[in-house]
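Here's data02.cif, which has mmCIF, C-alpha atoms:
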```cif
data_upload
loop_
_atom_site.label_atom_id
_atom_site.label_comp_id
_atom_site.auth_asym_id
_atom_site.auth_seq_id
_atom_site.Cartn_x
_atom_site.Cartn_y
_atom_site.Cartn_z
CA MET U 231 103.06 68.29 102.10
CA ALA U 232 102.99 67.02 105.64
CA PHE U 233 100.48 65.20 107.77
CA SER U 234 99.31 68.35 109.53
CA ALA U 235 96.33 70.61 110.08
CA HIS U 236 95.95 74.20 111.22
CA ASN U 237 93.18 75.99 113.05
CA LEU U 238 90.83 73.10 112.39
CA SER U 239 87.24 73.01 113.58
CA CYS U 240 85.27 69.81 113.38
CA ALA U 241 81.53 69.42 113.64
CA ARG U 242 79.48 66.37 114.36
CA GLY U 243 76.16 66.91 112.63
CA GLU U 244 75.44 70.59 113.20
CA LEU U 245 77.31 70.73 116.50
CA THR U 246 80.86 72.12 116.51
CA ILE U 247 82.85 70.07 118.99
CA LEU U 248 86.50 70.88 118.26
CA SER U 249 87.97 74.24 117.31
CA ALA U 250 91.38 75.89 116.81
CA LEU U 251 92.93 72.43 116.68
CA TYR U 252 96.48 72.13 115.45
CA PHE U 253 98.52 69.01 114.81
CA GLU U 254 101.58 68.10 112.81
CA VAL U 255 102.92 64.58 112.45
CA GLY U 256 106.27 64.54 110.71
CA ALA U 257 107.62 61.74 108.53
CA GLY U 258 108.57 58.79 110.72
CA GLN U 259 106.55 60.08 113.66
CA ALA U 260 103.49 58.84 115.47
CA THR U 261 101.04 60.92 117.46
CA ILE U 262 98.72 59.37 120.00
CA LEU U 263 95.36 61.08 120.36
CA ARG U 264 94.13 61.23 123.93
CA GLY U 265 90.91 62.56 125.35
CA PRO U 266 87.93 61.32 127.34
CA ASN U 267 85.01 59.55 125.66
CA GLY U 268 83.03 61.92 123.51
CA SER U 269 85.82 64.47 123.22
CA GLY U 270 85.91 64.20 119.43
CA LYS U 271 88.69 61.71 118.64
CA THR U 272 86.57 59.74 116.16
CA THR U 273 85.21 62.95 114.62
CA LEU U 274 88.74 64.28 114.13
CA LEU U 275 89.89 61.03 112.53
CA ARG U 276 86.89 60.96 110.19
CA VAL U 277 87.74 64.53 109.16
CA VAL U 278 91.35 63.48 108.56
CA ALA U 279 90.16 60.52 106.49
CA GLY U 280 87.99 62.80 104.37
CA LEU U 281 84.69 61.20 105.37
CA THR U 282 83.38 64.22 107.28
CA PRO U 283 84.02 67.69 105.82
CA HIS U 284 85.76 70.03 108.25
CA ALA U 285 83.94 73.17 109.34
CA SER U 286 86.91 75.51 108.96
CA GLY U 287 90.70 75.58 109.00
CA SER U 288 93.10 73.86 106.65
CA LEU U 289 94.46 70.37 106.11
CA ASP U 290 97.88 70.21 104.45
CA PHE U 291 97.62 66.74 102.92
CA SER U 292 95.56 64.94 100.32
CA PHE U 293 92.92 62.48 101.49
CA ASP U 294 94.34 60.08 98.89
CA ASP U 295 97.38 59.61 101.13
CA VAL U 296 95.41 58.61 104.23
CA ALA U 297 94.63 55.06 105.26
CA TYR U 298 91.75 54.97 107.72
CA ALA U 299 90.80 52.21 110.13
CA ALA U 300 87.56 52.61 112.03
CA HIS U 301 85.94 50.95 115.05
CA SER U 302 84.26 48.46 112.75
CA ASP U 303 86.46 45.97 110.96
CA GLY U 304 84.90 46.40 107.50
CA LEU U 305 85.30 42.71 106.67
CA LYS U 306 82.94 40.55 104.65
CA THR U 307 82.07 37.63 106.91
CA GLN U 308 81.09 35.29 104.06
CA LEU U 309 84.51 35.61 102.43
CA THR U 310 87.76 34.05 103.58
CA VAL U 311 90.58 36.03 105.17
CA ALA U 312 92.55 35.75 101.92
CA GLY U 313 89.49 36.81 99.90
CA ASN U 314 89.05 39.95 101.99
CA LEU U 315 92.71 40.93 101.79
CA GLN U 316 92.98 40.18 98.08
CA PHE U 317 89.95 42.38 97.41
CA TRP U 318 91.60 45.37 99.09
CA ALA U 319 94.89 44.56 97.36
CA LYS U 320 93.12 44.84 94.00
CA VAL U 321 91.38 48.06 95.03
CA TYR U 322 94.68 49.64 96.09
CA GLY U 323 96.66 48.09 93.27
CA ALA U 324 98.96 46.22 95.65
CA SER U 325 100.71 43.20 94.20
CA ASN U 326 102.05 41.49 97.28
CA ILE U 327 100.00 40.80 100.39
CA THR U 328 102.52 38.49 102.05
CA PRO U 329 104.08 41.18 104.31
CA ALA U 330 100.62 42.09 105.61
CA ILE U 331 99.85 38.44 106.31
CA GLU U 332 103.15 37.87 108.09
CA ALA U 333 102.96 41.05 110.16
CA PHE U 334 99.79 39.85 111.87
CA ALA U 335 100.52 36.09 111.75
CA LEU U 336 97.49 35.36 109.57
CA GLY U 337 99.13 32.53 107.62
CA ASP U 338 97.12 29.80 109.38
CA LEU U 339 93.82 31.65 109.02
CA LEU U 340 93.94 32.47 105.29
CA ASP U 341 91.35 29.90 104.18
CA ARG U 342 89.01 30.44 107.12
CA HIS U 343 85.79 32.34 106.59
CA VAL U 344 85.78 35.57 108.55
CA MET U 345 82.49 34.65 110.24
CA HIS U 346 84.32 31.83 112.07
CA LEU U 347 87.03 34.11 113.49
CA SER U 348 87.21 35.60 116.97
CA ALA U 349 86.90 39.36 117.47
CA GLY U 350 90.65 39.71 117.96
CA GLN U 351 91.43 37.70 114.83
CA LYS U 352 89.04 39.86 112.80
CA ARG U 353 90.79 42.95 114.11
CA ARG U 354 94.16 41.54 112.98
CA VAL U 355 92.78 41.00 109.45
CA SER U 356 91.39 44.52 109.50
CA LEU U 357 94.77 45.96 110.55
CA ALA U 358 96.60 43.92 107.92
CA ARG U 359 94.56 45.89 105.36
CA LEU U 360 96.48 49.03 106.39
CA LEU U 361 99.76 47.54 105.17
CA ILE U 362 98.10 46.69 101.84
CA THR U 363 96.95 50.26 101.22
CA GLY U 364 100.57 51.43 100.95
CA ARG U 365 99.49 54.91 101.99
CA PRO U 366 101.90 57.08 104.01
CA TYR U 367 99.50 58.53 106.60
CA TRP U 368 97.59 56.25 108.93
CA ALA U 369 94.54 57.50 110.83
CA LEU U 370 93.58 54.78 113.28
CA ASP U 371 90.60 54.77 115.60
CA GLU U 372 91.09 52.48 118.62
CA PRO U 373 93.11 49.94 116.60
CA THR U 374 93.88 47.66 119.55
CA VAL U 375 90.32 46.92 120.66
CA SER U 376 89.95 43.19 121.43
CA LEU U 377 93.62 42.44 120.64
CA ASP U 378 95.58 40.31 123.12
CA ALA U 379 98.97 41.43 124.46
CA GLU U 380 100.93 39.57 121.80
CA ALA U 381 98.83 40.98 118.95
CA VAL U 382 99.26 44.49 120.38
CA ARG U 383 103.04 43.94 120.13
CA TRP U 384 102.65 42.79 116.50
CA PHE U 385 100.64 45.91 115.85
CA ALA U 386 103.27 48.13 117.50
CA THR U 387 105.96 46.45 115.38
CA ALA U 388 103.93 47.07 112.23
CA VAL U 389 103.46 50.74 113.16
CA GLN U 390 107.17 51.09 113.97
CA ARG U 391 108.12 49.59 110.60
CA HIS U 392 105.70 51.95 108.88
CA LEU U 393 107.34 54.90 110.68
CA ASP U 394 110.83 53.65 109.81
CA ASP U 395 109.78 53.68 106.15
CA GLY U 396 108.98 57.37 106.47
CA GLY U 397 105.27 57.06 107.17
CA SER U 398 103.23 58.89 109.79
CA ALA U 399 100.47 57.73 112.10
CA LEU U 400 97.71 59.44 114.06
CA ILE U 401 96.32 56.92 116.53
CA ALA U 402 93.46 57.27 118.99
CA THR U 403 94.02 54.78 121.76
CA HIS U 404 93.71 54.47 125.54
CA ILE U 405 96.51 51.95 126.05
CA ASP U 406 100.26 52.28 125.89
CA LEU U 407 101.46 50.88 122.58
CA GLY U 408 105.13 50.89 123.52
CA LEU U 409 106.15 53.29 120.77
CA PRO U 410 109.08 55.13 122.41
CA GLU U 411 109.11 58.25 120.26
CA ALA U 412 105.38 58.78 119.99
CA GLN U 413 104.05 62.22 120.87
CA ILE U 414 100.85 62.62 122.85
CA LEU U 415 98.15 64.99 121.65
CA ASP U 416 95.46 65.61 124.24
CA ILE U 417 92.49 67.11 122.41
CA THR U 418 90.59 68.17 125.54
CA PRO U 419 91.92 71.80 125.39
CA PHE U 420 90.55 72.14 121.85
CA ARG U 421 86.99 71.41 122.88
CA HIS U 422 84.74 74.04 121.35
CA THR U 423 83.55 76.35 124.13
CA GLY U 424 82.22 79.37 122.28
CA SER U 425 78.77 79.74 120.82
CA GLN U 426 77.55 77.50 118.06
CA ASP U 427 77.39 79.20 114.68
CA ASN U 428 73.95 77.85 114.00
CA PRO U 429 71.35 80.05 115.77
CA PHE U 430 68.88 77.16 115.83
CA LEU U 431 71.20 75.15 118.05
CA ASP U 432 70.17 76.87 121.25
CA GLU U 433 70.95 75.02 124.47
CA ALA U 434 67.25 74.53 124.93
CA PHE U 435 67.13 72.27 121.89
CA LEU U 436 70.11 70.08 122.79
CA MET B 271 86.04 48.35 90.11
CA ILE B 272 86.12 44.90 88.54
CA ALA B 273 87.31 43.59 91.90
CA LEU B 274 84.32 45.21 93.60
CA LEU B 275 81.95 43.73 91.03
CA ARG B 276 83.41 40.26 91.51
CA ARG B 277 83.33 40.54 95.29
CA ASP B 278 79.71 41.71 95.33
CA LEU B 279 78.63 39.00 92.90
CA ALA B 280 80.38 36.39 95.06
CA LEU B 281 78.64 37.77 98.15
CA ALA B 282 75.25 37.79 96.43
CA LEU B 283 75.63 34.16 95.40
CA ARG B 284 76.78 33.00 98.85
CA SER B 285 74.44 32.24 101.71
CA GLY B 286 72.72 35.35 102.99
CA GLY B 287 73.01 37.01 99.60
CA GLY B 288 70.00 38.36 97.79
CA PHE B 289 70.30 36.25 94.66
CA GLY B 290 67.29 34.05 94.02
CA LEU B 291 64.99 36.05 96.28
CA ALA B 292 63.69 38.22 93.45
CA LEU B 293 63.46 35.30 91.08
CA ALA B 294 61.55 33.17 93.61
CA PHE B 295 59.15 36.02 94.28
CA PHE B 296 58.53 36.51 90.56
CA LEU B 297 57.96 32.79 90.12
CA ILE B 298 55.51 32.56 93.02
CA LEU B 299 53.55 35.57 91.81
CA VAL B 300 53.24 34.31 88.26
CA VAL B 301 52.29 30.81 89.38
CA LEU B 302 49.63 32.10 91.76
CA ILE B 303 47.97 34.63 89.44
CA PRO B 304 46.22 31.98 87.25
CA PHE B 305 44.82 30.38 90.40
CA GLY B 306 43.51 33.72 91.59
CA VAL B 307 42.10 34.87 88.28
CA GLY B 308 40.68 31.55 87.18
CA PRO B 309 41.26 29.42 84.10
CA GLU B 310 40.27 31.96 81.49
CA GLY B 311 42.99 31.94 78.87
CA GLU B 312 41.79 35.01 77.07
CA LEU B 313 41.61 37.14 80.21
CA LEU B 314 45.02 35.89 81.33
CA SER B 315 46.70 36.69 78.06
CA ARG B 316 45.18 40.18 78.21
CA ILE B 317 46.51 40.95 81.69
CA ALA B 318 49.80 39.05 81.26
CA PRO B 319 51.95 42.01 80.10
CA GLY B 320 50.93 44.15 83.07
CA VAL B 321 51.20 41.32 85.60
CA LEU B 322 54.65 40.29 84.38
CA TRP B 323 55.97 43.85 84.52
CA VAL B 324 54.43 44.62 87.93
CA GLY B 325 55.87 41.34 89.20
CA ALA B 326 59.34 42.19 87.90
CA LEU B 327 59.13 45.64 89.45
CA LEU B 328 58.09 44.35 92.89
CA ALA B 329 60.73 41.62 92.73
CA CYS B 330 63.36 44.31 92.11
CA LEU B 331 62.04 46.34 95.01
CA LEU B 332 62.47 43.42 97.44
CA SER B 333 66.24 43.46 97.54
CA LEU B 334 66.87 47.20 97.23
CA ASP B 335 67.65 47.94 100.86
CA ARG B 336 70.50 45.43 100.77
CA ILE B 337 72.42 47.35 98.09
CA PHE B 338 74.30 49.54 100.55
CA GLN B 339 72.96 48.54 103.97
CA LEU B 340 75.22 45.52 104.54
CA ASP B 341 78.35 47.45 103.53
CA PHE B 342 77.27 50.33 105.75
CA GLU B 343 76.70 48.11 108.78
CA ASP B 344 80.03 46.29 108.67
CA GLY B 345 82.00 49.48 108.01
CA SER B 346 83.26 48.57 104.55
CA LEU B 347 81.36 51.46 102.95
CA ASP B 348 83.50 53.89 104.98
CA LEU B 349 86.60 52.10 103.75
CA LEU B 350 85.37 52.11 100.15
CA ALA B 351 84.72 55.85 100.42
CA CYS B 352 88.36 56.34 101.55
CA SER B 353 89.73 54.06 98.85
CA PRO B 354 91.03 55.11 95.41
CA LEU B 355 87.72 54.02 93.84
CA PRO B 356 85.50 57.00 92.98
CA LEU B 357 82.24 56.81 94.91
CA GLU B 358 80.33 57.34 91.64
CA GLY B 359 82.00 54.18 90.33
CA VAL B 360 81.06 52.30 93.51
CA ALA B 361 77.44 53.42 93.05
CA LEU B 362 77.41 52.27 89.42
CA ILE B 363 78.96 48.90 90.28
CA LYS B 364 76.48 48.35 93.12
CA ALA B 365 73.57 49.05 90.77
CA LEU B 366 75.12 46.77 88.14
CA THR B 367 75.49 43.96 90.69
CA HIS B 368 71.88 44.41 91.70
CA TRP B 369 70.80 44.21 88.06
CA LEU B 370 72.93 41.15 87.35
CA THR B 371 71.40 39.32 90.32
CA THR B 372 67.77 40.44 89.88
CA GLY B 373 66.90 42.14 86.58
CA LEU B 374 68.89 39.88 84.27
CA PRO B 375 67.64 36.56 85.78
CA LEU B 376 64.09 37.95 85.59
CA ALA B 377 64.50 38.78 81.90
CA ILE B 378 65.87 35.31 81.20
CA ALA B 379 63.14 33.51 83.19
CA ALA B 380 60.30 35.65 81.89
CA PRO B 381 59.57 33.72 78.63
CA PHE B 382 59.02 30.49 80.59
CA LEU B 383 56.82 32.23 83.11
CA GLY B 384 54.93 33.96 80.30
CA ILE B 385 53.58 30.54 79.34
CA PHE B 386 51.83 30.29 82.73
CA LEU B 387 49.94 33.46 81.86
CA ASN B 388 49.11 32.38 78.32
CA LEU B 389 51.19 35.20 76.87
CA PRO B 390 50.94 35.17 73.05
CA GLN B 391 54.00 33.83 71.26
CA ASP B 392 54.67 37.09 69.45
CA ALA B 393 54.96 39.01 72.70
CA ILE B 394 57.74 36.89 74.20
CA PHE B 395 60.47 38.64 72.23
CA TRP B 396 59.13 42.01 73.36
CA LEU B 397 58.81 40.82 76.97
CA VAL B 398 62.44 39.74 77.14
CA SER B 399 63.80 42.80 75.37
CA SER B 400 61.68 45.25 77.39
CA LEU B 401 62.77 43.62 80.66
CA ALA B 402 66.41 43.54 79.57
CA VAL B 403 66.31 47.19 78.53
CA GLY B 404 64.07 48.51 81.32
CA THR B 405 65.25 46.76 84.50
CA PRO B 406 68.69 48.49 84.62
CA ALA B 407 66.78 51.72 85.25
CA LEU B 408 64.97 50.01 88.15
CA SER B 409 68.30 49.00 89.72
CA LEU B 410 69.85 52.45 89.28
CA ILE B 411 66.83 54.28 90.71
CA GLY B 412 66.73 51.72 93.52
CA ALA B 413 70.40 52.25 94.35
CA PHE B 414 69.70 55.98 94.61
CA GLY B 415 66.81 55.33 97.01
CA ALA B 416 68.96 52.93 99.02
CA ALA B 417 71.74 55.51 99.30
CA LEU B 418 69.27 58.12 100.59
CA THR B 419 67.97 55.87 103.35
CA ILE B 420 71.24 54.25 104.29
CA GLY B 421 71.48 55.35 107.90
CA LEU B 422 67.98 54.22 108.76
CA LYS B 423 67.22 50.90 110.35
CA ARG B 424 64.48 49.11 108.44
CA GLY B 425 64.49 51.74 105.74
CA GLY B 426 62.62 49.42 103.36
CA LEU B 427 59.28 51.18 103.61
CA LEU B 428 60.83 54.59 102.99
CA ILE B 429 62.76 53.26 99.98
CA SER B 430 59.52 51.96 98.50
CA LEU B 431 57.83 55.32 98.97
CA LEU B 432 60.76 57.19 97.43
CA VAL B 433 61.35 54.84 94.56
CA LEU B 434 57.90 53.69 93.43
CA PRO B 435 56.85 57.00 91.83
CA LEU B 436 60.13 57.00 89.90
CA TYR B 437 59.42 53.45 88.72
CA VAL B 438 56.10 54.40 87.12
CA PRO B 439 57.42 55.60 83.70
CA THR B 440 59.44 52.41 83.29
CA LEU B 441 56.38 50.33 84.21
CA ILE B 442 54.11 52.17 81.78
CA PHE B 443 56.44 51.90 78.80
CA GLY B 444 57.52 48.35 79.68
CA ALA B 445 54.00 46.98 79.99
CA ASP B 446 52.87 48.95 76.93
CA CYS B 447 55.71 47.48 74.87
CA VAL B 448 54.67 43.92 75.76
CA ARG B 449 50.95 44.67 75.23
CA ARG B 450 51.60 46.08 71.76
CA GLY B 451 53.76 43.06 70.99
CA ALA B 452 50.94 40.75 72.11
CA GLU B 453 48.41 42.54 69.92
CA GLY B 454 50.73 42.49 66.94
CA LEU B 455 51.23 46.25 66.85
CA ALA B 456 54.53 48.04 66.38
CA ALA B 457 56.25 47.98 69.79
CA THR B 458 59.51 49.73 68.96
CA THR B 459 58.51 53.17 70.25
CA PRO B 460 57.86 52.18 73.89
CA LEU B 461 61.04 50.08 73.80
CA LEU B 462 63.00 53.14 72.67
CA PHE B 463 61.42 55.17 75.47
CA LEU B 464 62.52 52.49 77.95
CA ALA B 465 66.03 52.61 76.52
CA GLY B 466 65.97 56.40 76.87
CA ILE B 467 64.96 56.20 80.54
CA THR B 468 67.69 53.66 81.22
CA ALA B 469 70.33 55.71 79.40
CA GLY B 470 69.32 58.82 81.34
CA CYS B 471 69.53 56.90 84.63
CA ILE B 472 72.99 55.55 83.76
CA ALA B 473 74.19 59.05 82.96
CA ALA B 474 72.79 60.91 85.95
CA LEU B 475 72.01 58.64 88.88
CA PRO B 476 75.50 57.38 89.84
CA PHE B 477 76.38 61.00 90.64
CA ALA B 478 73.21 61.54 92.66
CA THR B 479 73.78 58.24 94.47
CA ALA B 480 77.38 59.16 95.31
CA ALA B 481 76.26 62.57 96.62
CA ALA B 482 73.63 60.90 98.82
CA LEU B 483 76.24 58.44 100.13
CA ARG B 484 78.67 61.26 100.97
CA ALA B 485 75.97 63.15 102.84
CA ASN B 486 75.00 60.06 104.80
CA LEU B 487 78.55 58.99 105.70
CA ARG B 488 79.38 62.24 107.50
#
```
Can you give me the file's structure in the form of structure tokens?
Amino acid sequence: MAFSAHNLSCARGELTILSALYFEVGAGQATILRGPNGSGKTTLLRVVAGLTPHASGSLDFSFDDVAYAAHSDGLKTQLTVAGNLQFWAKVYGASNITPAIEAFALGDLLDRHVMHLSAGQKRRVSLARLLITGRPYWALDEPTVSLDAEAVRWFATAVQRHLDDGGSALIATHIDLGLPEAQILDITPFRHTGSQDNPFLDEAFL
Amino acid sequence: MIALLRRDLALALRSGGGFGLALAFFLILVVLIPFGVGPEGELLSRIAPGVLWVGALLACLLSLDRIFQLDFEDGSLDLLACSPLPLEGVALIKALTHWLTTGLPLAIAAPFLGIFLNLPQDAIFWLVSSLAVGTPALSLIGAFGAALTIGLKRGGLLISLLVLPLYVPTLIFGADCVRRGAEGLAATTPLLFLAGITAGCIAALPFATAAALRANLR
């Protein structure tokens, strides 16, 4: 079992956008997904997270090992920071949320309602959830959006610690996270160029 | 799953939650009907079973689109789908939360509101038990409708169209149970039919709801 996929094609709706894609992220490694807007980074990550079924190819891991973080924070604004994190801790059966709180310096915000937080603070709470899941493979979609420089460093530290513990990470981002050993995977060459399988998807209808 | 139930109940009771909306609607309807119909006790007590059940049904309908929409919009439904919780369990818990915040309060408040409509004493027991047994089916069917229309903005109208035909059997047996109770006839049979509908919904609809959610989260 490794965090890898072979000959993967991904479709968004009926439209195949990635094909013959191959990636392998070993234990303790991070791979940065690169590609212009609309190239299929989010689609690939949703396939990896098990939300979107893949059109063909094979995935060598179980979706139960993947922790996914999307564009949206997935926080309940009427609950406090602690309330949100404790909910996910119960869902994932985690007993200790202190490391997650410390990693993103959330100690002072615990009793604040999420609706009163800034966008960057919300993002930090959302990223702290990843540590709570305790899952080995992270699939992260633009995790650093609205984070300031210091919070990006906290995030990079958290990722590095995750990798040191034998985890893997697949991260779509446009900025340099400062992870020295990270590989870059540019998905532009995997863009689907052949015909669409569905005969109703003629160019004229797109 | 218990954590999800507690979180959703807490959210429903906080500001912006749906709790109280259904109850207030039911209250307003039942208070206004006597003004509209006029002070004829006999007529009121004859239409009371139907009015109370239609009111409960419409009150349930009011908050249906919130069952999944809020979680979908803030992204937590994606995260729940990735979590160790089975999506069928999430669907069941969501329907249970909806029932606890709408159907159950309605069943508890109904005897007091029955007085406004001059509902005969004998029927009150049947009113409460038919609402308690029948409204879970309304929440489960509603959750299924909500899951089907999740990606749509302002899907409320479509939910109503999808769900109302499925509500009709519950309405017929529910109102019939109360009417028989009011007339002093044996009301057990319609109550058992209601229980059957609810049991069937509990058995089948969480799976249908989860399938609809999966299709819409793609």
Within-12 Å shell of (84.9, 63.8, 126.2) in input frame, only C-alpha atoms, as an mmCIF file with C-alpha atoms, in the coordinates of the input:
```
data_model
loop_
_atom_site.group_PDB
_atom_site.id
_atom_site.type_symbol
_atom_site.label_atom_id
_atom_site.label_comp_id
_atom_site.auth_asym_id
_atom_site.auth_seq_id
_atom_site.Cartn_x
_atom_site.Cartn_y
_atom_site.Cartn_z
ATOM 1 C CA ILE U 247 82.850 70.070 118.990
ATOM 2 C CA LEU U 248 86.500 70.880 118.260
ATOM 3 C CA ARG U 264 94.130 61.230 123.930
ATOM 4 C CA GLY U 265 90.910 62.560 125.350
ATOM 5 C CA PRO U 266 87.930 61.320 127.340
ATOM 6 C CA ASN U 267 85.010 59.550 125.660
ATOM 7 C CA GLY U 268 83.030 61.920 123.510
ATOM 8 C CA SER U 269 85.820 64.470 123.220
ATOM 9 C CA GLY U 270 85.910 64.200 119.430
ATOM 10 C CA LYS U 271 88.690 61.710 118.640
ATOM 11 C CA THR U 272 86.570 59.740 116.160
ATOM 12 C CA THR U 273 85.210 62.950 114.620
ATOM 13 C CA ASP U 416 95.460 65.610 124.240
ATOM 14 C CA ILE U 417 92.490 67.110 122.410
ATOM 15 C CA THR U 418 90.590 68.170 125.540
ATOM 16 C CA PRO U 419 91.920 71.800 125.390
ATOM 17 C CA PHE U 420 90.550 72.140 121.850
ATOM 18 C CA ARG U 421 86.990 71.410 122.880
ATOM 19 C CA HIS U 422 84.740 74.040 121.350
#
```
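The coordinates place atom CA of Arg242 of chain U at 14.9 Å from atom CA of Ser425 of chain U.
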task = Might you pull out every residue within 9 Å of Ile420 of chain B, with only C-alpha atoms counted and same-chain residues fewer than 2 positions away left off, and present them as a ChimeraX atom specification?
result = /B:335,338-339,342,415-418,422-423,425,482-483,486-487
key: Counting all atoms listed in the file, the residue of U:Gln259, U:Ser239, U:Ser356, U:Ser234 that sits nearest chain B   = U:Ser356
request  = Given the file shown, enumerate the residues that the PyMOL selection byres ((chain U) within 6 of (chain B)) captures and present them as a VMD selection string.
outcome  = chain U and resid 281 to 282 302 304
How would the residues just picked look written out with C-alpha atoms as a JSON list (two decimals), keeping the file's coordinate frame?
```
[["chain", "number", "residue", "atom", "x", "y", "z"],
["U", 281, "LEU", "CA", 84.69, 61.20, 105.37],
["U", 282, "THR", "CA", 83.38, 64.22, 107.28],
["U", 302, "SER", "CA", 84.26, 48.46, 112.75],
["U", 304, "GLY", "CA", 84.90, 46.40, 107.50]]
```
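Under the PyMOL selection byres ((chain U and resi 411) around 9), the matching residues in the shown file are Gln259, Ala260, Thr261, Gly408, Leu409, Pro410, Ala412 and Gln413 of chain U.
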Matched chain/residue IDs from the PyMOL selection byres ((chain U and resi 350) around 10), as a PDB file with C-alpha atoms, keeping the file's coordinate frame:
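Produced file part_39.pdb, reproduced below:
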```pdb
ATOM      1  CA  LEU U 347      87.030  34.110 113.490  1.00  0.00           C
ATOM      2  CA  SER U 348      87.210  35.600 116.970  1.00  0.00           C
ATOM      3  CA  ALA U 349      86.900  39.360 117.470  1.00  0.00           C
ATOM      4  CA  GLN U 351      91.430  37.700 114.830  1.00  0.00           C
ATOM      5  CA  LYS U 352      89.040  39.860 112.800  1.00  0.00           C
ATOM      6  CA  ARG U 353      90.790  42.950 114.110  1.00  0.00           C
ATOM      7  CA  ARG U 354      94.160  41.540 112.980  1.00  0.00           C
ATOM      8  CA  VAL U 355      92.780  41.000 109.450  1.00  0.00           C
ATOM      9  CA  SER U 356      91.390  44.520 109.500  1.00  0.00           C
ATOM     10  CA  THR U 374      93.880  47.660 119.550  1.00  0.00           C
ATOM     11  CA  VAL U 375      90.320  46.920 120.660  1.00  0.00           C
ATOM     12  CA  SER U 376      89.950  43.190 121.430  1.00  0.00           C
ATOM     13  CA  LEU U 377      93.620  42.440 120.640  1.00  0.00           C
ATOM     14  CA  ASP U 378      95.580  40.310 123.120  1.00  0.00           C
ATOM     15  CA  ALA U 381      98.830  40.980 118.950  1.00  0.00           C
TER      16      ALA U 381
END
```
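Between atom CA of Ala319 of chain U and atom CA of Arg359 of chain U the separation is 8.1 Å.
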task = Please measure the separation of atom CA of Leu245 of chain U and atom CA of Leu275 of chain U, giving the value in Å to one decimal.
result = 16.4 Å
query = Which residues come within 7 Å of Cys330 of chain B, counting only C-alpha atoms, excluding same-chain residues fewer than 5 positions away, as a PyMOL selection string?
reply = chain B and resi 292+372-373
task = Identify, on the basis of only C-alpha atoms, every residue whose closest approach to segment 308-317 of chain B does not exceed 10 Å; exclude the query and any residue fewer than 4 positions from it along the same chain; express the result as a VMD selection string.
result = chain B and resid 303 to 304 321 to 322 384 to 390 445 449 452 to 453
query = So which one's closest to Val448 of chain B, B:Gly412, B:Leu401, B:Ser430, B:Pro375? Using all atoms listed in the file, please.
reply = B:Leu401
request  = Identify, on the basis of all atoms listed in the file, every residue whose closest approach to Cys240 of chain U does not exceed 6 Å; exclude the query and any residue fewer than 4 positions from it along the same chain; express the result as a VMD selection string.
outcome  = chain U and resid 246 248 284 to 285
Extract, using only C-alpha atoms, all DNA, RNA and protein residues at most 9 Å from Phe291 of chain U, discarding same-chain residues fewer than 2 positions from it, and format them as a PDB file with C-alpha atoms, keeping the file's coordinate frame.
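To be explicit, this is the file written out as result21.pdb:
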```
ATOM      1  CA  MET U 231     103.060  68.290 102.100  1.00  0.00           C
ATOM      2  CA  ALA U 232     102.990  67.020 105.640  1.00  0.00           C
ATOM      3  CA  PHE U 233     100.480  65.200 107.770  1.00  0.00           C
ATOM      4  CA  SER U 234      99.310  68.350 109.530  1.00  0.00           C
ATOM      5  CA  ALA U 235      96.330  70.610 110.080  1.00  0.00           C
ATOM      6  CA  LEU U 289      94.460  70.370 106.110  1.00  0.00           C
ATOM      7  CA  PHE U 293      92.920  62.480 101.490  1.00  0.00           C
ATOM      8  CA  ASP U 294      94.340  60.080  98.890  1.00  0.00           C
ATOM      9  CA  ASP U 295      97.380  59.610 101.130  1.00  0.00           C
ATOM     10  CA  VAL U 296      95.410  58.610 104.230  1.00  0.00           C
TER      11      VAL U 296
END
```
task = Name the closest residue to Leu274 of chain U among the candidates U:Gly397, U:Ala250, U:Ala299, U:Ala241; distances are taken between atoms, counting all atoms listed in the file.
result = U:Ala241
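Counting all atoms listed in the file, the residue from U:Ile401, U:Phe334, U:Arg365, U:Arg276 that sits nearest to Thr387 of chain U is U:Phe334.
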Can you take segment 298-304 of chain B from the block and write N, CA and C atoms as an mmCIF file, in the first residue's frame?
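Result file out.cif:
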```cif
data_model
loop_
_atom_site.group_PDB
_atom_site.id
_atom_site.type_symbol
_atom_site.label_atom_id
_atom_site.label_comp_id
_atom_site.auth_asym_id
_atom_site.auth_seq_id
_atom_site.Cartn_x
_atom_site.Cartn_y
_atom_site.Cartn_z
ATOM 1 N N ILE B 298 -49.247 29.504 14.556
ATOM 2 C CA ILE B 298 -49.942 30.576 13.835
ATOM 3 C C ILE B 298 -51.120 30.008 13.048
ATOM 4 N N LEU B 299 -50.856 28.904 12.353
ATOM 5 C CA LEU B 299 -51.905 28.292 11.532
ATOM 6 C C LEU B 299 -53.111 27.922 12.389
ATOM 7 N N VAL B 300 -52.835 27.241 13.498
ATOM 8 C CA VAL B 300 -53.927 26.730 14.320
ATOM 9 C C VAL B 300 -54.675 27.872 15.019
ATOM 10 N N VAL B 301 -53.961 28.953 15.331
ATOM 11 C CA VAL B 301 -54.628 30.091 15.947
ATOM 12 C C VAL B 301 -55.503 30.823 14.931
ATOM 13 N N LEU B 302 -55.034 30.871 13.691
ATOM 14 C CA LEU B 302 -55.762 31.648 12.677
ATOM 15 C C LEU B 302 -56.978 30.913 12.118
ATOM 16 N N ILE B 303 -56.916 29.584 12.067
ATOM 17 C CA ILE B 303 -58.016 28.826 11.452
ATOM 18 C C ILE B 303 -59.382 29.170 12.081
ATOM 19 N N PRO B 304 -59.514 29.207 13.417
ATOM 20 C CA PRO B 304 -60.834 29.537 13.983
ATOM 21 C C PRO B 304 -61.328 30.918 13.555
#
```
